[in-house]
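Trainee: Pasting entry_26.cif here (mmCIF, C-alpha atoms and all ligand atoms):
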data_upload
loop_
_atom_site.label_atom_id
_atom_site.label_comp_id
_atom_site.auth_asym_id
_atom_site.auth_seq_id
_atom_site.Cartn_x
_atom_site.Cartn_y
_atom_site.Cartn_z
CA MET T 1 60.54 125.66 98.38
CA SER T 2 62.06 123.82 101.25
CA THR T 3 65.80 123.32 100.91
CA GLY T 4 65.57 120.17 103.02
CA ILE T 5 67.94 121.81 105.53
CA GLY T 6 65.82 122.85 108.49
CA GLU T 7 68.21 125.46 109.85
CA LEU T 8 68.60 127.09 106.43
CA ASP T 9 64.84 127.11 105.83
CA ARG T 10 64.27 128.73 109.21
CA VAL T 11 66.78 131.51 108.57
CA LEU T 12 65.31 132.09 105.11
CA GLY T 13 61.88 132.47 106.68
CA GLY T 14 60.48 129.13 105.51
CA GLY T 15 62.48 128.28 102.40
CA LEU T 16 63.44 129.71 99.02
CA VAL T 17 60.91 131.99 97.35
CA PRO T 18 60.52 131.65 93.56
CA GLY T 19 61.82 134.72 91.74
CA SER T 20 63.74 135.97 94.76
CA LEU T 21 67.44 136.73 95.18
CA VAL T 22 69.39 135.60 98.22
CA LEU T 23 72.92 136.83 98.85
CA LEU T 24 74.99 134.41 100.92
CA GLY T 25 78.20 135.89 102.27
CA GLY T 26 81.01 134.35 104.24
CA SER T 27 84.76 134.21 104.53
CA PRO T 28 86.82 131.82 102.38
CA GLY T 29 86.50 128.15 103.20
CA ILE T 30 83.65 128.62 105.66
CA GLY T 31 81.37 126.26 103.74
CA LYS T 32 79.28 128.40 101.37
CA SER T 33 79.70 126.02 98.46
CA THR T 34 79.02 123.03 100.68
CA LEU T 35 75.80 124.51 102.04
CA THR T 36 74.44 125.60 98.67
CA ASN T 37 75.43 122.31 97.07
CA MET T 38 73.59 120.37 99.74
CA ALA T 39 70.51 122.55 99.38
CA LEU T 40 70.42 122.10 95.61
CA GLY T 41 70.94 118.36 96.07
CA ASN T 42 67.87 118.17 98.29
CA LEU T 43 65.83 120.31 95.92
CA THR T 44 66.85 118.08 93.01
CA ARG T 45 65.81 115.00 94.94
CA ALA T 46 62.48 116.65 95.71
CA GLY T 47 61.87 117.00 91.98
CA HIS T 48 62.79 120.68 91.45
CA GLY T 49 64.88 121.79 88.51
CA THR T 50 68.24 123.13 89.72
CA LEU T 51 71.48 124.58 88.39
CA TYR T 52 74.79 125.19 90.12
CA VAL T 53 76.91 127.80 88.37
CA SER T 54 80.52 127.73 89.45
CA GLY T 55 82.87 130.49 88.42
CA GLU T 56 85.58 129.40 90.83
CA GLU T 57 85.82 125.67 90.56
CA SER T 58 85.82 123.31 87.60
CA ALA T 59 82.92 120.92 87.16
CA GLU T 60 85.29 118.18 88.30
CA GLN T 61 86.08 119.97 91.56
CA VAL T 62 82.40 120.50 92.23
CA ARG T 63 81.78 116.82 91.58
CA LEU T 64 84.53 115.80 94.00
CA ARG T 65 82.91 117.80 96.76
CA ALA T 66 79.45 116.50 95.87
CA GLU T 67 80.76 112.96 96.26
CA ARG T 68 81.26 113.38 99.95
CA LEU T 69 77.89 115.10 100.50
CA ALA T 70 74.42 113.54 100.60
CA PRO T 71 73.52 111.53 97.47
CA GLY T 72 71.37 114.23 95.83
CA ALA T 73 74.35 116.58 95.50
CA LEU T 74 75.79 114.53 92.65
CA GLU T 75 72.59 114.91 90.63
CA VAL T 76 72.75 118.71 90.50
CA PRO T 77 73.57 120.00 87.01
CA VAL T 78 76.78 122.04 87.11
CA LEU T 79 77.84 124.84 84.80
CA ALA T 80 81.42 126.03 85.14
CA GLU T 81 81.26 129.46 83.54
CA THR T 82 82.32 133.05 84.25
CA ASP T 83 80.68 134.81 81.32
CA LEU T 84 77.41 136.40 82.36
CA ASP T 85 75.73 136.08 78.98
CA ALA T 86 76.50 132.38 78.80
CA VAL T 87 75.05 131.90 82.29
CA LEU T 88 71.90 133.84 81.42
CA ASP T 89 71.47 131.84 78.20
CA THR T 90 71.73 128.58 80.12
CA LEU T 91 69.23 129.79 82.70
CA ALA T 92 66.79 130.82 79.99
CA ALA T 93 67.19 127.49 78.21
CA HIS T 94 66.94 125.23 81.26
CA ARG T 95 64.59 127.32 83.39
CA PRO T 96 65.56 125.76 86.71
CA GLN T 97 63.45 126.54 89.77
CA ALA T 98 66.51 127.12 91.93
CA CYS T 99 69.96 128.28 90.92
CA VAL T 100 73.18 129.00 92.81
CA ILE T 101 75.80 131.39 91.44
CA ASP T 102 79.11 130.64 93.15
CA SER T 103 80.29 133.33 93.30
CA VAL T 104 78.80 136.61 92.13
CA GLN T 105 82.30 138.11 92.13
CA THR T 106 83.58 135.74 89.47
CA LEU T 107 80.97 136.51 86.81
CA ARG T 108 81.80 139.03 84.16
CA ALA T 109 79.51 141.18 82.07
CA GLY T 110 81.33 141.44 78.73
CA GLU T 111 80.13 144.95 77.91
CA LEU T 112 81.70 146.45 81.04
CA THR T 113 85.44 147.01 81.25
CA GLY T 114 85.92 146.53 85.00
CA ALA T 115 87.52 143.37 86.33
CA PRO T 116 85.18 140.70 87.73
CA GLY T 117 84.33 141.51 91.32
CA ALA T 118 84.54 145.28 90.83
CA VAL T 119 81.51 147.12 92.17
CA GLY T 120 80.24 148.04 88.71
CA GLN T 121 80.54 144.47 87.49
CA VAL T 122 78.94 142.92 90.54
CA ARG T 123 76.03 145.33 90.35
CA GLU T 124 75.50 144.74 86.64
CA VAL T 125 75.73 140.96 87.08
CA THR T 126 73.20 141.01 89.91
CA GLY T 127 70.84 143.36 88.11
CA ARG T 128 70.72 141.21 85.00
CA ILE T 129 70.34 137.97 86.91
CA MET T 130 67.55 139.54 88.95
CA GLU T 131 65.69 140.58 85.82
CA LEU T 132 65.75 137.04 84.46
CA ALA T 133 65.02 135.45 87.82
CA LYS T 134 61.87 137.54 88.24
CA GLU T 135 60.79 136.88 84.67
CA LEU T 136 61.23 133.11 84.93
CA SER T 137 60.47 132.77 88.67
CA ILE T 138 63.86 131.29 89.49
CA ALA T 139 65.01 131.35 93.10
CA VAL T 140 68.63 132.50 92.91
CA VAL T 141 71.28 132.25 95.61
CA LEU T 142 74.27 134.48 94.96
CA VAL T 143 77.37 133.47 96.88
CA GLY T 144 79.56 136.42 97.82
CA HIS T 145 82.95 136.70 99.45
CA VAL T 146 83.59 138.68 102.55
CA THR T 147 86.55 141.00 102.88
CA LYS T 148 89.00 140.97 105.76
CA ASP T 149 87.05 143.62 107.65
CA GLY T 150 83.94 141.47 107.47
CA ALA T 151 81.92 143.41 104.93
CA LEU T 152 80.47 141.67 101.91
CA ALA T 153 83.05 142.76 99.37
CA GLY T 154 81.68 144.80 96.51
CA PRO T 155 78.26 143.26 97.18
CA ARG T 156 77.61 145.85 99.91
CA ALA T 157 76.08 147.67 97.00
CA LEU T 158 73.89 144.61 96.40
CA GLU T 159 72.33 144.48 99.79
CA HIS T 160 69.33 146.55 98.81
CA LEU T 161 68.95 144.89 95.44
CA VAL T 162 68.47 141.42 96.86
CA ASP T 163 65.58 140.15 98.97
CA CYS T 164 67.62 138.42 101.59
CA VAL T 165 71.19 138.72 102.87
CA LEU T 166 72.61 135.76 104.74
CA GLN T 167 75.93 135.66 106.49
CA PHE T 168 77.75 132.41 107.16
CA GLU T 169 80.15 132.77 110.06
CA GLY T 170 82.42 130.75 112.26
CA GLU T 171 86.03 130.11 113.02
CA ARG T 172 87.66 128.05 110.35
CA GLN T 173 89.64 125.97 112.81
CA ARG T 174 86.52 125.01 114.71
CA PRO T 175 83.65 122.95 113.34
CA HIS T 176 80.78 125.26 114.34
CA ARG T 177 79.20 127.49 111.75
CA GLU T 178 76.45 130.00 112.19
CA LEU T 179 74.05 131.24 109.56
CA ARG T 180 72.35 134.57 110.14
CA ALA T 181 69.99 136.75 108.19
CA LEU T 182 71.14 140.37 108.00
CA LYS T 183 68.15 141.32 105.88
CA ASN T 184 65.09 139.34 104.92
CA ARG T 185 62.03 140.48 103.05
CA PHE T 186 60.31 137.18 103.81
CA GLY T 187 61.11 136.57 107.44
CA SER T 188 62.72 137.66 110.66
CA THR T 189 66.34 138.75 110.81
CA ASN T 190 66.66 137.43 114.34
CA GLU T 191 66.94 133.80 113.38
CA ALA T 192 70.24 132.01 113.33
CA GLY T 193 71.04 128.48 112.26
CA LEU T 194 73.81 126.39 113.73
CA PHE T 195 75.83 123.84 111.79
CA GLU T 196 78.86 121.70 112.24
CA MET T 197 81.28 120.95 109.40
CA ARG T 198 81.89 117.23 109.10
CA GLN T 199 83.25 114.84 106.51
CA GLY T 200 79.78 114.37 105.05
CA GLY T 201 79.12 118.10 104.83
CA LEU T 202 77.32 120.49 107.14
CA VAL T 203 75.27 118.88 109.84
CA GLU T 204 72.58 120.83 111.66
CA VAL T 205 73.25 121.22 115.36
CA LEU T 206 69.91 120.72 116.99
CA ASP T 207 70.88 120.80 120.65
CA ALA T 208 73.80 123.17 120.75
CA SER T 209 73.12 124.12 124.38
CA ALA T 210 73.76 120.57 125.58
CA ARG T 211 77.10 120.49 123.84
CA PHE T 212 78.28 123.88 125.08
CA VAL T 213 77.17 123.18 128.64
CA ALA T 214 78.94 119.82 128.66
CA GLU T 215 82.14 121.57 127.56
CA ALA T 216 81.80 124.44 130.01
CA THR T 217 84.19 124.51 132.95
CA SER T 218 83.75 125.93 136.40
CA ALA T 219 87.24 127.46 136.44
CA PRO T 220 87.75 131.14 137.24
CA GLY T 221 86.77 133.28 134.27
CA SER T 222 84.03 131.01 132.97
CA VAL T 223 80.28 131.46 133.07
CA VAL T 224 77.36 130.19 131.02
CA LEU T 225 75.29 132.76 129.18
CA ALA T 226 71.63 132.02 128.56
CA ALA T 227 71.38 133.82 125.24
CA MET T 228 68.62 134.15 122.68
CA GLU T 229 69.34 133.28 119.07
CA GLY T 230 66.30 134.78 117.46
CA SER T 231 63.36 133.00 118.99
CA ARG T 232 65.48 130.15 120.38
CA PRO T 233 67.35 130.06 123.65
CA LEU T 234 71.00 129.00 123.47
CA LEU T 235 73.40 128.33 126.32
CA VAL T 236 76.99 129.28 125.54
CA GLU T 237 80.08 129.52 127.67
CA VAL T 238 81.72 132.92 128.01
CA GLN T 239 85.36 132.86 129.08
CA ALA T 240 87.57 135.72 130.17
CA LEU T 241 91.26 136.08 130.87
CA VAL T 242 92.71 139.06 132.69
CA ALA T 243 96.49 139.26 132.59
CA PRO T 244 99.06 141.91 133.48
CA SER T 245 99.92 143.93 130.41
CA GLU T 246 103.27 145.07 129.15
CA LEU T 247 101.69 147.51 126.79
CA GLU T 248 101.02 151.16 127.38
CA GLN T 249 97.56 150.60 126.02
CA PRO T 250 96.44 147.22 127.32
CA ARG T 251 94.76 144.81 124.95
CA ARG T 252 91.01 144.35 124.76
CA VAL T 253 90.40 141.29 122.65
CA VAL T 254 86.96 139.81 122.03
CA SER T 255 85.77 136.95 119.95
CA GLY T 256 82.10 136.33 119.34
CA LEU T 257 81.10 139.67 120.87
CA ASP T 258 81.03 143.33 120.06
CA ARG T 259 84.25 145.05 121.12
CA ASN T 260 82.47 148.25 122.19
CA ARG T 261 80.21 146.21 124.40
CA LEU T 262 83.27 144.92 126.26
CA ALA T 263 84.58 148.47 126.73
CA LEU T 264 81.24 149.48 128.19
CA VAL T 265 81.04 146.49 130.52
CA LEU T 266 84.60 147.07 131.75
CA ALA T 267 83.78 150.69 132.53
CA ILE T 268 80.66 149.67 134.47
CA LEU T 269 82.60 146.95 136.29
CA GLY T 270 85.23 149.45 137.37
CA ARG T 271 82.80 152.17 138.39
CA HIS T 272 79.96 150.16 139.95
CA GLY T 273 81.37 146.71 140.62
CA GLY T 274 84.67 147.58 142.27
CA VAL T 275 86.54 145.46 139.71
CA GLY T 276 89.15 147.57 137.93
CA VAL T 277 91.15 146.06 135.10
CA GLY T 278 92.71 149.31 133.90
CA GLY T 279 96.29 148.15 133.42
CA ALA T 280 95.57 144.59 132.41
CA ASP T 281 95.02 142.85 129.10
CA VAL T 282 91.47 141.52 128.87
CA PHE T 283 90.43 138.70 126.57
CA VAL T 284 86.82 137.58 126.29
CA ASN T 285 85.71 134.68 124.19
CA VAL T 286 82.36 133.11 123.42
CA VAL T 287 83.36 129.47 123.22
CA GLY T 288 82.56 127.38 120.18
CA GLY T 289 82.88 130.07 117.53
CA VAL T 290 79.37 131.35 118.20
CA ARG T 291 78.53 135.05 117.95
CA VAL T 292 76.33 136.62 120.57
CA ASP T 293 74.66 139.78 119.47
CA GLU T 294 72.21 140.91 122.14
CA PRO T 295 72.22 143.09 125.26
CA GLY T 296 71.58 140.06 127.51
CA CYS T 297 75.26 139.16 127.26
CA ASP T 298 76.48 142.09 129.42
CA LEU T 299 76.15 140.31 132.74
CA ALA T 300 77.97 137.21 131.50
CA VAL T 301 80.87 139.31 130.27
CA ALA T 302 81.00 141.22 133.55
CA LEU T 303 80.90 138.07 135.70
CA ALA T 304 83.49 136.25 133.58
CA VAL T 305 85.88 139.22 133.74
CA ALA T 306 85.34 139.73 137.48
CA SER T 307 85.87 136.04 138.15
CA ALA T 308 89.04 136.04 136.05
CA ALA T 309 90.36 139.23 137.64
CA ARG T 310 89.87 137.91 141.16
CA GLY T 311 90.86 134.35 140.34
CA VAL T 312 87.68 133.12 142.00
CA PRO T 313 85.46 130.60 140.21
CA ILE T 314 81.79 131.36 139.76
CA THR T 315 80.03 129.00 142.07
CA GLY T 316 77.31 126.73 140.84
CA PHE T 317 73.93 127.00 142.54
CA ALA T 318 73.36 125.37 145.88
CA GLY T 319 72.16 121.86 145.28
CA GLY T 320 73.86 121.57 141.87
CA ALA T 321 76.37 118.82 141.24
CA PRO T 322 79.95 119.85 142.05
CA GLY T 323 81.55 121.51 139.06
CA THR T 324 78.20 122.55 137.60
CA PRO T 325 78.73 125.85 135.83
CA ARG T 326 76.52 128.82 136.66
CA ALA T 327 74.30 130.53 134.13
CA CYS T 328 73.27 134.16 133.87
CA PHE T 329 71.82 136.80 131.57
CA GLY T 330 70.94 140.47 131.76
CA GLU T 331 71.77 143.88 130.39
CA LEU T 332 73.86 146.34 132.39
CA GLY T 333 72.74 149.93 132.69
CA LEU T 334 75.24 152.74 132.94
CA THR T 335 74.39 153.26 136.59
CA GLY T 336 75.24 149.67 137.44
CA GLU T 337 71.67 148.38 137.50
CA LEU T 338 70.69 145.10 135.90
CA ARG T 339 68.04 145.50 133.26
CA TRP T 340 65.31 143.16 132.10
CA VAL T 341 65.91 141.48 128.73
CA GLY T 342 63.51 139.68 126.42
CA HIS T 343 62.22 136.13 126.84
CA PRO T 344 63.44 135.43 130.39
CA GLU T 345 61.06 132.46 130.65
CA ARG T 346 62.60 130.76 127.61
CA ARG T 347 66.11 131.36 128.88
CA LEU T 348 65.22 130.01 132.31
CA ALA T 349 63.50 126.96 130.86
CA GLU T 350 66.65 126.23 128.88
CA THR T 351 68.96 126.52 131.90
CA ALA T 352 66.61 124.34 133.97
CA LYS T 353 66.48 121.76 131.19
CA HIS T 354 70.27 121.47 131.30
CA GLY T 355 70.46 121.26 135.06
CA LEU T 356 71.76 124.79 135.68
CA GLY T 357 69.53 126.19 138.37
CA ALA T 358 69.30 129.57 140.09
CA THR T 359 70.30 131.45 136.97
CA ILE T 360 71.46 134.95 137.87
CA ALA T 361 69.00 137.26 136.16
CA PRO T 362 67.48 140.75 136.30
CA PRO T 363 64.37 141.52 138.37
CA ASP T 364 61.03 140.22 137.05
CA SER T 365 62.65 137.35 135.18
CA GLY T 366 60.39 134.79 136.80
CA PRO T 367 60.45 131.66 138.94
CA GLY T 368 63.66 129.66 138.97
CA ALA T 369 65.85 132.74 138.68
CA CYS T 370 68.21 134.14 141.26
CA GLU T 371 67.07 137.71 140.71
CA VAL T 372 69.45 140.58 141.39
CA ALA T 373 68.89 144.28 140.85
CA THR T 374 72.45 145.53 140.45
CA LEU T 375 75.84 144.45 139.20
CA ARG T 376 77.14 144.47 142.77
CA GLU T 377 74.47 142.02 143.89
CA ALA T 378 75.21 139.83 140.89
CA LEU T 379 78.89 139.75 141.81
CA THR T 380 78.02 138.74 145.36
CA ALA T 381 75.67 136.02 144.17
CA ALA T 382 78.17 134.64 141.69
CA LEU T 383 81.47 134.93 143.51
CA ALA T 384 80.43 134.23 147.11
CA PRO T 385 80.44 130.67 148.40
CA ALA T 386 77.17 128.93 147.54
CA ALA T 387 74.46 129.89 149.99
CA PRO T 388 71.96 127.31 151.16
CA SER T 389 69.04 127.04 148.80
CA THR T 390 66.04 129.19 149.64
CA GLU T 391 62.59 129.30 148.14
CA SER T 392 63.53 132.19 145.87
CA ASN T 393 66.75 130.83 144.42
CA ARG T 394 65.89 127.18 144.29
CA PRO T 395 65.94 125.94 140.70
CA ALA T 396 62.56 125.21 139.21
CA GLN T 397 63.12 121.54 138.55
CA LEU T 398 64.36 120.86 142.11
CA ALA T 399 61.41 122.67 143.62
CA ALA T 400 59.10 120.58 141.49
N1 LIG S 1 86.95 115.75 103.67
C1 LIG S 1 86.54 116.75 104.43
N2 LIG S 1 86.07 116.54 105.66
C2 LIG S 1 85.65 117.54 106.44
N3 LIG S 1 85.65 118.80 106.06
C3 LIG S 1 86.10 119.10 104.84
C4 LIG S 1 86.57 118.10 103.96
N4 LIG S 1 86.95 118.69 102.81
C5 LIG S 1 86.73 120.00 102.97
N5 LIG S 1 86.22 120.25 104.19
C6 LIG S 1 85.83 121.54 104.76
O1 LIG S 1 85.08 122.26 103.83
C7 LIG S 1 85.56 123.60 103.78
C8 LIG S 1 85.39 124.16 102.39
O2 LIG S 1 84.03 124.29 102.21
P1 LIG S 1 83.50 125.13 100.98
O3 LIG S 1 84.28 124.85 99.76
O4 LIG S 1 82.05 124.86 100.96
O5 LIG S 1 83.77 126.60 101.46
P2 LIG S 1 83.51 127.94 100.68
O6 LIG S 1 82.94 128.89 101.69
O7 LIG S 1 82.75 127.70 99.47
O8 LIG S 1 84.98 128.39 100.33
P3 LIG S 1 85.49 129.34 99.14
O9 LIG S 1 85.36 130.72 99.66
O10 LIG S 1 86.90 128.94 98.97
O11 LIG S 1 84.65 129.06 97.96
C9 LIG S 1 87.00 123.51 104.16
O12 LIG S 1 87.40 124.66 104.84
C10 LIG S 1 87.04 122.34 105.07
O13 LIG S 1 86.93 122.76 106.40
MG MG S 2 83.18 127.96 97.45
#
What's the structure tokens form of this structure?
Ligand SMILES: Nc1ncnc2c1ncn2[C@@H]1O[C@H](COP(=O)(O)OP(=O)(O)OP(=O)(O)O)[C@@H](O)[C@H]1O
Ligand SMILES: [Mg+2]
Mentor:
Amino acid sequence: MSTGIGELDRVLGGGLVPGSLVLLGGSPGIGKSTLTNMALGNLTRAGHGTLYVSGEESAEQVRLRAERLAPGALEVPVLAETDLDAVLDTLAAHRPQACVIDSVQTLRAGELTGAPGAVGQVREVTGRIMELAKELSIAVVLVGHVTKDGALAGPRALEHLVDCVLQFEGERQRPHRELRALKNRFGSTNEAGLFEMRQGGLVEVLDASARFVAEATSAPGSVVLAAMEGSRPLLVEVQALVAPSELEQPRRVVSGLDRNRLALVLAILGRHGGVGVGGADVFVNVVGGVRVDEPGCDLAVALAVASAARGVPITGFAGGAPGTPRACFGELGLTGELRWVGHPERRLAETAKHGLGATIAPPDSGPGACEVATLREALTAALAPAAPSTESNRPAQLAA
């Protein structure tokens, strides 16, 4: 069943599957209720039977939110209930095709003594809902809260029970939200969907690259990363700040990246790139609240940190408009070599499409790339004054 939200359908692997269980996790206020409400609204409009079970909000609160979403959201039947048996009875009586339980931590199985949200309760609640969902072929979305350390609270234990685990992420202060599949029995776990929170609900971001590139600067410490989000290329700006530290153990702060990855890149930069940041605080940020989770980000992190440490901007490619940011991708090996990463042609097509030519990339990446074999060569290409364009580094669209 299509949810009518393209990005959500794609992450689900095509849509909701009857009789399946989807666990949707995310931190408070990120937009889980908004997303599920919108999806049910669309399904209702498309003629499917739906039910929204809210254990957190009153029916009135749900209605208030629905008012500012697309019209269908107001037509979704709402049940404000925390008692599991009552919820199961309603499901059995109404037999909707799609149902949202918001959230699984608020339901309570009467026969168990634990408080709602305790592991035993959450497991029992899920097990019994699953039984009924399979029997009546109801597609169920369980909303789950995420703890401070990022794990799906309690529901960790649910991850193998359910068919699909989705994570809704983003910085609350910023409008961008990202939906990822951590597990999916019906599709790839590489897909990610991008949204923006607006007055009228969550809007799909169809050309995120254009937005991030337009916002990117060419100041020291900034570089554009040609990343892959599943099967889609995405250009994001990576920024770094290197500042003298007053701490014995300098700070290493990342946002949108894996912290260990930064440690590794800093070690390689020091050992093979001649850029030591030992005593300095290092901050690295993927702009826009996006998370990058692939080896191709190494080079961008290295170049951003090197550029910040030296206070030298990364020069755009020769022939690019002044102030054009530079793009790159590639994995760093422990010996300082630049390693090939997947889908170079899609990444390069994306950078060319947005006017960023001569993307710094590993060997064998293809035409349009400024190919370099080592970190040292990458640093030279990125931090040296722009060399005149040659056949090999001329961007594809200019050559054409
Ligand atoms: N009028 C509005 N215009 C724009 N955004 C709004 C508006 N009202 C609420 N929001 C956004 O919607 C978010 C809440 O969304 P939602 O209730 O779907 O989140 P949630 O993940 O279900 O949260 P919770 O964990 O509390 O249930 C708020 O954080 C806010 O950013
Ligand atoms: Mg909610």
Trainee: Pull the closest atom pair for each residue of stretch 250-290 of chain T that gets at most 12 Å from stretch 374-381 of chain T, along with the distance in Å to one decimal, counting only C-alpha atoms, ordering rows by chain and then ascending residue number, as a Markdown table.
Mentor:
| residue | atom | partner | partner_atom | distance |
| --- | --- | --- | --- | --- |
| T:Val265 | CA | T:Leu375 | CA | 10.3 |
| T:Leu266 | CA | T:Leu375 | CA | 11.8 |
| T:Ile268 | CA | T:Leu375 | CA | 8.5 |
| T:Leu269 | CA | T:Leu375 | CA | 7.8 |
| T:Gly270 | CA | T:Leu375 | CA | 10.8 |
| T:Arg271 | CA | T:Leu375 | CA | 10.4 |
| T:His272 | CA | T:Arg376 | CA | 6.9 |
| T:Gly273 | CA | T:Arg376 | CA | 5.2 |
| T:Gly274 | CA | T:Arg376 | CA | 8.2 |
| T:Val275 | CA | T:Leu379 | CA | 9.8 |
Trainee: Restricting the output to C-alpha atoms, write the selected residues as a PDB file, in the coordinates of the input.
Mentor:
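Result saved to part.pdb:
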ATOM      1  CA  VAL T 265      81.040 146.490 130.520  1.00  0.00           C
ATOM      2  CA  LEU T 266      84.600 147.070 131.750  1.00  0.00           C
ATOM      3  CA  ILE T 268      80.660 149.670 134.470  1.00  0.00           C
ATOM      4  CA  LEU T 269      82.600 146.950 136.290  1.00  0.00           C
ATOM      5  CA  GLY T 270      85.230 149.450 137.370  1.00  0.00           C
ATOM      6  CA  ARG T 271      82.800 152.170 138.390  1.00  0.00           C
ATOM      7  CA  HIS T 272      79.960 150.160 139.950  1.00  0.00           C
ATOM      8  CA  GLY T 273      81.370 146.710 140.620  1.00  0.00           C
ATOM      9  CA  GLY T 274      84.670 147.580 142.270  1.00  0.00           C
ATOM     10  CA  VAL T 275      86.540 145.460 139.710  1.00  0.00           C
TER      11      VAL T 275
END
Trainee: In Å, rounded to a single decimal, give me how far atom CA of T:Pro363 is from atom CA of T:Pro233.
Mentor: 18.9 Å
Trainee: Under the rule that all atoms listed in the file are counted, which of T:His160, T:His354, T:Arg45, T:Arg347 is the nearest residue to T:Ser231?
Mentor: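 Of T:His160, T:His354, T:Arg45, T:Arg347, the one nearest T:Ser231 is T:Arg347, counting all atoms listed in the file.
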Trainee: Produce as a ChimeraX atom specification the set of residues near ligand MG 2 (chain S), where near means within 7 Å with all atoms listed in the file considered.
Mentor: /T:29,31-33,102
Trainee: Save the residues we just selected, C-alpha atoms, as a PDB file, in the coordinates of the input?
Mentor:
ATOM      1  CA  GLY T  29      86.500 128.150 103.200  1.00  0.00           C
ATOM      2  CA  GLY T  31      81.370 126.260 103.740  1.00  0.00           C
ATOM      3  CA  LYS T  32      79.280 128.400 101.370  1.00  0.00           C
ATOM      4  CA  SER T  33      79.700 126.020  98.460  1.00  0.00           C
ATOM      5  CA  ASP T 102      79.110 130.640  93.150  1.00  0.00           C
TER       6      ASP T 102
END
Trainee: Quote the spacing between atom CA of T:Leu40 and atom CA of T:Glu75 in Å to one decimal place.
Mentor: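 Value for the atom CA of T:Leu40-atom CA of T:Glu75 distance: 9.0 Å.
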Trainee: As a quick test: using all atoms listed in the file, which residues lie no more than 7 Å away from ligand LIG 1 (chain S)? Give them as a ChimeraX atom specification.
Mentor: /T:26-35,145,172,197-201
Trainee: Counting all atoms listed in the file, which residue out of T:Gln105, T:Thr351, T:Ser188, T:Gln167 sits closest to T:Leu225?
Mentor: T:Thr351
Trainee: Do you know which residues are at most 12 Å from stretch 108-125 of chain T counting only C-alpha atoms, after dropping those on the same chain fewer than 4 positions away, and could you put them as a PyMOL selection string?
Mentor: chain T and resi 23+55-56+81-88+101+103-104+129-132+142-147+152-162
Trainee: Sorted by chain and rising residue number, list the residues of stretch 170-245 of chain T at most 12 Å from stretch 306-315 of chain T (counting all atoms listed in the file), each with its closest atom pair and distance in Å to one decimal, as CSV.
Mentor:
residue,atom,partner,partner_atom,distance
T:Ala216,CA,T:Ile314,CA,12.0
T:Thr217,CA,T:Pro313,CA,9.6
T:Ser218,CA,T:Pro313,CA,6.3
T:Ala219,CA,T:Pro313,CA,5.2
T:Pro220,CA,T:Pro313,CA,3.8
T:Gly221,CA,T:Ala308,CA,4.0
T:Ser222,CA,T:Ile314,CA,7.2
T:Val223,CA,T:Ile314,CA,6.9
T:Val224,CA,T:Ile314,CA,9.9
T:Val238,CA,T:Ala308,CA,11.3
T:Gln239,CA,T:Ala308,CA,8.5
T:Ala240,CA,T:Ala308,CA,6.1
T:Leu241,CA,T:Ala308,CA,5.6
T:Val242,CA,T:Ala309,CA,5.5
T:Ala243,CA,T:Ala309,CA,7.9
T:Pro244,CA,T:Ala309,CA,10.0
Trainee: Could you please give me, as a ChimeraX atom specification, the residues of protein, DNA or RNA lying at most 12 Å from (61.6, 139.9, 136.6) in the coordinate frame of the file, considering all atoms listed in the file?
Mentor: /T:329-330,338-345,348,360-373
Trainee: Go through T:Gly170, T:Gly19, T:Gly278, T:Gly357 one by one, measure the shortest atom-to-atom distance of each to T:Arg95 using all atoms listed in the file, and give the residue with the smallest value.
Mentor: T:Gly19
Trainee: If we count only C-alpha atoms, what is near T:Glu294 at a cut-off of 10 Å, once residues fewer than 3 positions away on the same chain are taken out, given as a ChimeraX atom specification?
Mentor: /T:227-230,257-258,261,291,297-298,330-331,341-342
Trainee: For atom CA of T:Arg211 and atom CA of T:Ala192, quote the distance in Å rounded to one decimal.
Mentor: 17.0 Å
Trainee: Tell me which of T:Ala80, T:Ala73, T:Val165, T:Val292 sits closest to T:Asn37, counting all atoms listed in the file.
Mentor: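 Of T:Ala80, T:Ala73, T:Val165, T:Val292, the one nearest T:Asn37 is T:Ala73, counting all atoms listed in the file.
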Trainee: Write out as a VMD selection string which residues come within 8 Å of T:Leu179 when counting all atoms listed in the file, dropping same-chain ones fewer than 6 positions away.
Mentor: chain T and resid 8 11 166 to 169 192 to 195
Trainee: Between T:Leu247, T:Leu21, T:Ala321, T:Leu234, single out the one closest to T:Arg128, counting all atoms listed in the file.
Mentor: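 Closest residue, counting all atoms listed in the file: T:Leu21.
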